[in-house]
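Notes follow once the structure below has been shown.
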Amino acid sequence: MRISGKCHCGAISFTATVDPHRVLVCHCADCQVFSGAPFRAVLPTPAESVEITGTAKHYVKVAESGNKRVQAFCPECGTQLYATEGEGPPKVLNLRLGCVDQRDQLAPAAQIWGDSAMPWLEGLRSVPMHHKGFASAIVQPQP
């Protein structure tokens, strides 16, 4: 599948050919902190399948194991773009699903680090949802 994406301000954009069946949700504590959300959805993609315009800023995170992960984000707006292994040229870019234009077509195929998942996620379907902001109509919760 051919996808496109960009950061919030548009300073960095990308196109890629991806396998839509590789989307995964990570519930690890690092993904929660980095994303500011209860999980992060990613799409692992061979680096040679991704074309990027613009220059990302990199932050190298060192895990307890000593492994390094490069976190790439827009230096202007802070949008997280991808992560990759920290040693040598990247082989795989874990594209952040939130900045992919076709994210509505890319349902997760797996979840990882489930031990760190927020226990309230499974009940989210029963929480009232507004179509847009609080002033908009409410979609009826699912039982």
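Simple scheme: letters A, B, ... for chains in structure tokens order, numbers from 1 for residues in each chain, numbers from 1 for ligands in the order shown.
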Write out as number ranges by chain the residues lying within 6 Å of range 59-70 of chain A, counting only C-alpha atoms and excluding same-chain residues fewer than 2 positions away.
-> A: 83-86
Strand (DSSP E) residues, from DSSP on the backbone, in chain A, as a PyMOL selection string = chain A and resi 2-6+13-17+24-26+40-46+50-53+57-62+68-73+80-85+92-96+110-112+129-130+138-139
The selected residues should be written to file as a compact mmCIF listing (two decimals), in the first residue's frame (atoms: N, CA and C atoms).
# COMPACT_ATOMS: atom_id res chain seq x y z
N ARG A 2 0.53 2.21 -0.78
CA ARG A 2 1.27 3.47 -0.84
C ARG A 2 0.62 4.45 0.15
N ILE A 3 1.44 5.04 1.03
CA ILE A 3 0.94 6.00 2.00
C ILE A 3 1.70 7.31 1.89
N SER A 4 1.15 8.32 2.53
CA SER A 4 1.82 9.61 2.65
C SER A 4 1.59 10.11 4.07
N GLY A 5 2.39 11.06 4.47
CA GLY A 5 2.22 11.62 5.80
C GLY A 5 3.05 12.87 5.97
N LYS A 6 2.82 13.53 7.10
CA LYS A 6 3.55 14.76 7.38
C LYS A 6 3.43 15.10 8.85
N SER A 13 7.64 15.83 5.42
CA SER A 13 6.62 14.96 4.83
C SER A 13 7.30 13.68 4.35
N PHE A 14 6.49 12.67 4.10
CA PHE A 14 7.05 11.40 3.63
C PHE A 14 6.03 10.65 2.78
N THR A 15 6.54 9.76 1.97
CA THR A 15 5.73 8.77 1.27
C THR A 15 6.41 7.43 1.52
N ALA A 16 5.63 6.36 1.43
CA ALA A 16 6.20 5.04 1.68
C ALA A 16 5.32 3.96 1.07
N THR A 17 5.93 2.86 0.78
CA THR A 17 5.20 1.66 0.41
C THR A 17 5.26 0.74 1.62
N LEU A 24 0.99 -2.11 14.53
CA LEU A 24 0.87 -2.62 15.88
C LEU A 24 0.71 -1.48 16.87
N VAL A 25 0.12 -1.81 17.99
CA VAL A 25 -0.07 -0.87 19.09
C VAL A 25 0.88 -1.29 20.20
N CYS A 26 1.65 -0.32 20.69
CA CYS A 26 2.57 -0.58 21.79
C CYS A 26 2.07 0.13 23.04
N ARG A 40 0.83 3.85 21.68
CA ARG A 40 1.27 4.43 20.41
C ARG A 40 1.09 3.37 19.33
N ALA A 41 0.56 3.79 18.18
CA ALA A 41 0.40 2.90 17.04
C ALA A 41 1.53 3.17 16.05
N VAL A 42 2.15 2.10 15.58
CA VAL A 42 3.29 2.23 14.66
C VAL A 42 3.14 1.28 13.48
N LEU A 43 3.86 1.62 12.42
CA LEU A 43 3.85 0.81 11.21
C LEU A 43 5.30 0.54 10.80
N PRO A 44 5.87 -0.61 11.21
CA PRO A 44 7.24 -0.94 10.83
C PRO A 44 7.36 -1.07 9.31
N THR A 45 8.33 -0.34 8.73
CA THR A 45 8.48 -0.27 7.28
C THR A 45 9.96 -0.29 6.93
N PRO A 46 10.37 -1.08 5.94
CA PRO A 46 11.78 -1.04 5.53
C PRO A 46 12.19 0.39 5.17
N VAL A 50 10.82 4.20 2.27
CA VAL A 50 10.34 5.49 2.77
C VAL A 50 11.15 6.61 2.14
N GLU A 51 10.45 7.63 1.63
CA GLU A 51 11.10 8.83 1.10
C GLU A 51 10.67 10.00 1.98
N ILE A 52 11.65 10.69 2.58
CA ILE A 52 11.37 11.78 3.51
C ILE A 52 11.86 13.10 2.93
N THR A 53 11.03 14.13 3.04
CA THR A 53 11.40 15.49 2.67
C THR A 53 11.45 16.31 3.94
N LYS A 57 14.67 15.99 13.72
CA LYS A 57 15.59 16.03 14.86
C LYS A 57 15.54 14.65 15.51
N HIS A 58 16.66 14.22 16.07
CA HIS A 58 16.74 12.89 16.66
C HIS A 58 17.06 12.94 18.14
N TYR A 59 16.41 12.06 18.88
CA TYR A 59 16.70 11.85 20.29
C TYR A 59 16.99 10.37 20.45
N VAL A 60 18.12 10.03 21.06
CA VAL A 60 18.49 8.63 21.25
C VAL A 60 18.14 8.22 22.68
N LYS A 61 17.26 7.24 22.78
CA LYS A 61 16.84 6.71 24.06
C LYS A 61 17.61 5.42 24.33
N VAL A 62 18.20 5.30 25.49
CA VAL A 62 18.93 4.09 25.86
C VAL A 62 18.05 3.29 26.82
N LYS A 68 19.85 1.02 21.98
CA LYS A 68 19.53 2.41 21.65
C LYS A 68 18.41 2.45 20.62
N ARG A 69 17.50 3.40 20.80
CA ARG A 69 16.41 3.65 19.85
C ARG A 69 16.43 5.13 19.49
N VAL A 70 16.47 5.41 18.21
CA VAL A 70 16.44 6.78 17.73
C VAL A 70 14.98 7.18 17.56
N GLN A 71 14.58 8.26 18.20
CA GLN A 71 13.24 8.82 18.08
C GLN A 71 13.35 10.05 17.19
N ALA A 72 12.62 10.08 16.07
CA ALA A 72 12.69 11.19 15.12
C ALA A 72 11.43 12.02 15.22
N PHE A 73 11.60 13.34 15.26
CA PHE A 73 10.46 14.24 15.36
C PHE A 73 10.76 15.54 14.64
N GLN A 80 5.94 13.50 16.34
CA GLN A 80 6.75 12.29 16.27
C GLN A 80 6.54 11.62 14.93
N LEU A 81 7.62 11.28 14.26
CA LEU A 81 7.55 10.74 12.91
C LEU A 81 7.85 9.25 12.84
N TYR A 82 8.93 8.82 13.48
CA TYR A 82 9.32 7.41 13.45
C TYR A 82 10.36 7.14 14.51
N ALA A 83 10.64 5.87 14.73
CA ALA A 83 11.76 5.43 15.56
C ALA A 83 12.49 4.35 14.79
N THR A 84 13.74 4.16 15.14
CA THR A 84 14.54 3.12 14.49
C THR A 84 15.64 2.67 15.44
N GLU A 85 16.32 1.57 15.08
CA GLU A 85 17.42 1.08 15.91
C GLU A 85 18.51 2.15 15.94
N VAL A 92 14.84 -0.41 9.44
CA VAL A 92 13.38 -0.32 9.58
C VAL A 92 13.03 1.00 10.25
N LEU A 93 12.02 1.68 9.70
CA LEU A 93 11.48 2.87 10.34
C LEU A 93 10.11 2.50 10.90
N ASN A 94 9.92 2.69 12.18
CA ASN A 94 8.62 2.46 12.80
C ASN A 94 7.84 3.76 12.68
N LEU A 95 7.12 3.90 11.57
CA LEU A 95 6.37 5.11 11.30
C LEU A 95 5.27 5.29 12.33
N ARG A 96 5.10 6.50 12.83
CA ARG A 96 4.05 6.80 13.80
C ARG A 96 2.74 6.98 13.05
N ALA A 110 -1.70 -6.29 15.83
CA ALA A 110 -1.16 -6.85 17.07
C ALA A 110 -0.97 -5.73 18.09
N GLN A 111 -0.90 -6.13 19.37
CA GLN A 111 -0.60 -5.22 20.46
C GLN A 111 0.56 -5.82 21.25
N ILE A 112 1.47 -4.96 21.70
CA ILE A 112 2.60 -5.44 22.50
C ILE A 112 2.67 -4.67 23.81
N MET A 129 -19.17 9.80 23.30
CA MET A 129 -18.26 10.41 22.35
C MET A 129 -18.99 11.52 21.59
N HIS A 130 -18.40 12.70 21.57
CA HIS A 130 -18.93 13.82 20.80
C HIS A 130 -18.40 13.74 19.37
N ILE A 138 -23.58 14.03 20.57
CA ILE A 138 -22.95 12.84 21.18
C ILE A 138 -23.35 11.60 20.38
N VAL A 139 -22.35 10.78 20.06
CA VAL A 139 -22.59 9.47 19.48
C VAL A 139 -22.92 8.56 20.64
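Per DSSP on the backbone, helix (DSSP H, G or I) in chain A comprises Pro20, His21, Arg22, Ala29, Asp30, Cys31, Gln32, Val33, Phe34, Ser35, Ala47, Glu48, Ser49, Leu97, Gly98, Cys99, Arg103, Asp104, Gln105, Gly114, Asp115, Ser116, Leu121, Glu122, Gly123, Leu124, Arg125 and Ser126 of chain A.
The two atoms in question, CA of Ala107 in chain A and CA of Ala135 in chain A, are spaced 28.7 Å apart.
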Name the residues in contact with Pro75 in chain A at a cut-off of 10 Å, using only C-alpha atoms, excluding same-chain residues fewer than 6 positions from it; report them as a PyMOL selection string.
-> chain A and resi 7+11-12+55-58
Measuring atom to atom with only C-alpha atoms, identify which of A:Cys28, A:Val127, A:Cys99, A:Ala137 is nearest to Gly114 in chain A.
-> A:Cys28
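Our summary of the geometry notes that CA of Asp104 in chain A is positioned 26.7 Å from CA of Pro90 in chain A.
Nearest residue to Pro20 in chain A, choosing from A:Pro108, A:Pro119, A:Pro89, A:Gly54 and counting only C-alpha atoms: A:Pro108.
Taking CA of Ser35 in chain A and CA of Glu48 in chain A as endpoints, the distance between them is 25.2 Å.
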When distances are computed from only C-alpha atoms, which of A:Asp19, A:Ala117, A:Cys77, A:Val100 shows the smallest separation from Cys31 in chain A?
-> A:Ala117
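Ranking A:Leu97, A:Gly78, A:Phe34, A:Gln102 by their shortest atom-to-atom distance to Met1 in chain A, with only C-alpha atoms included, puts A:Gln102 first.
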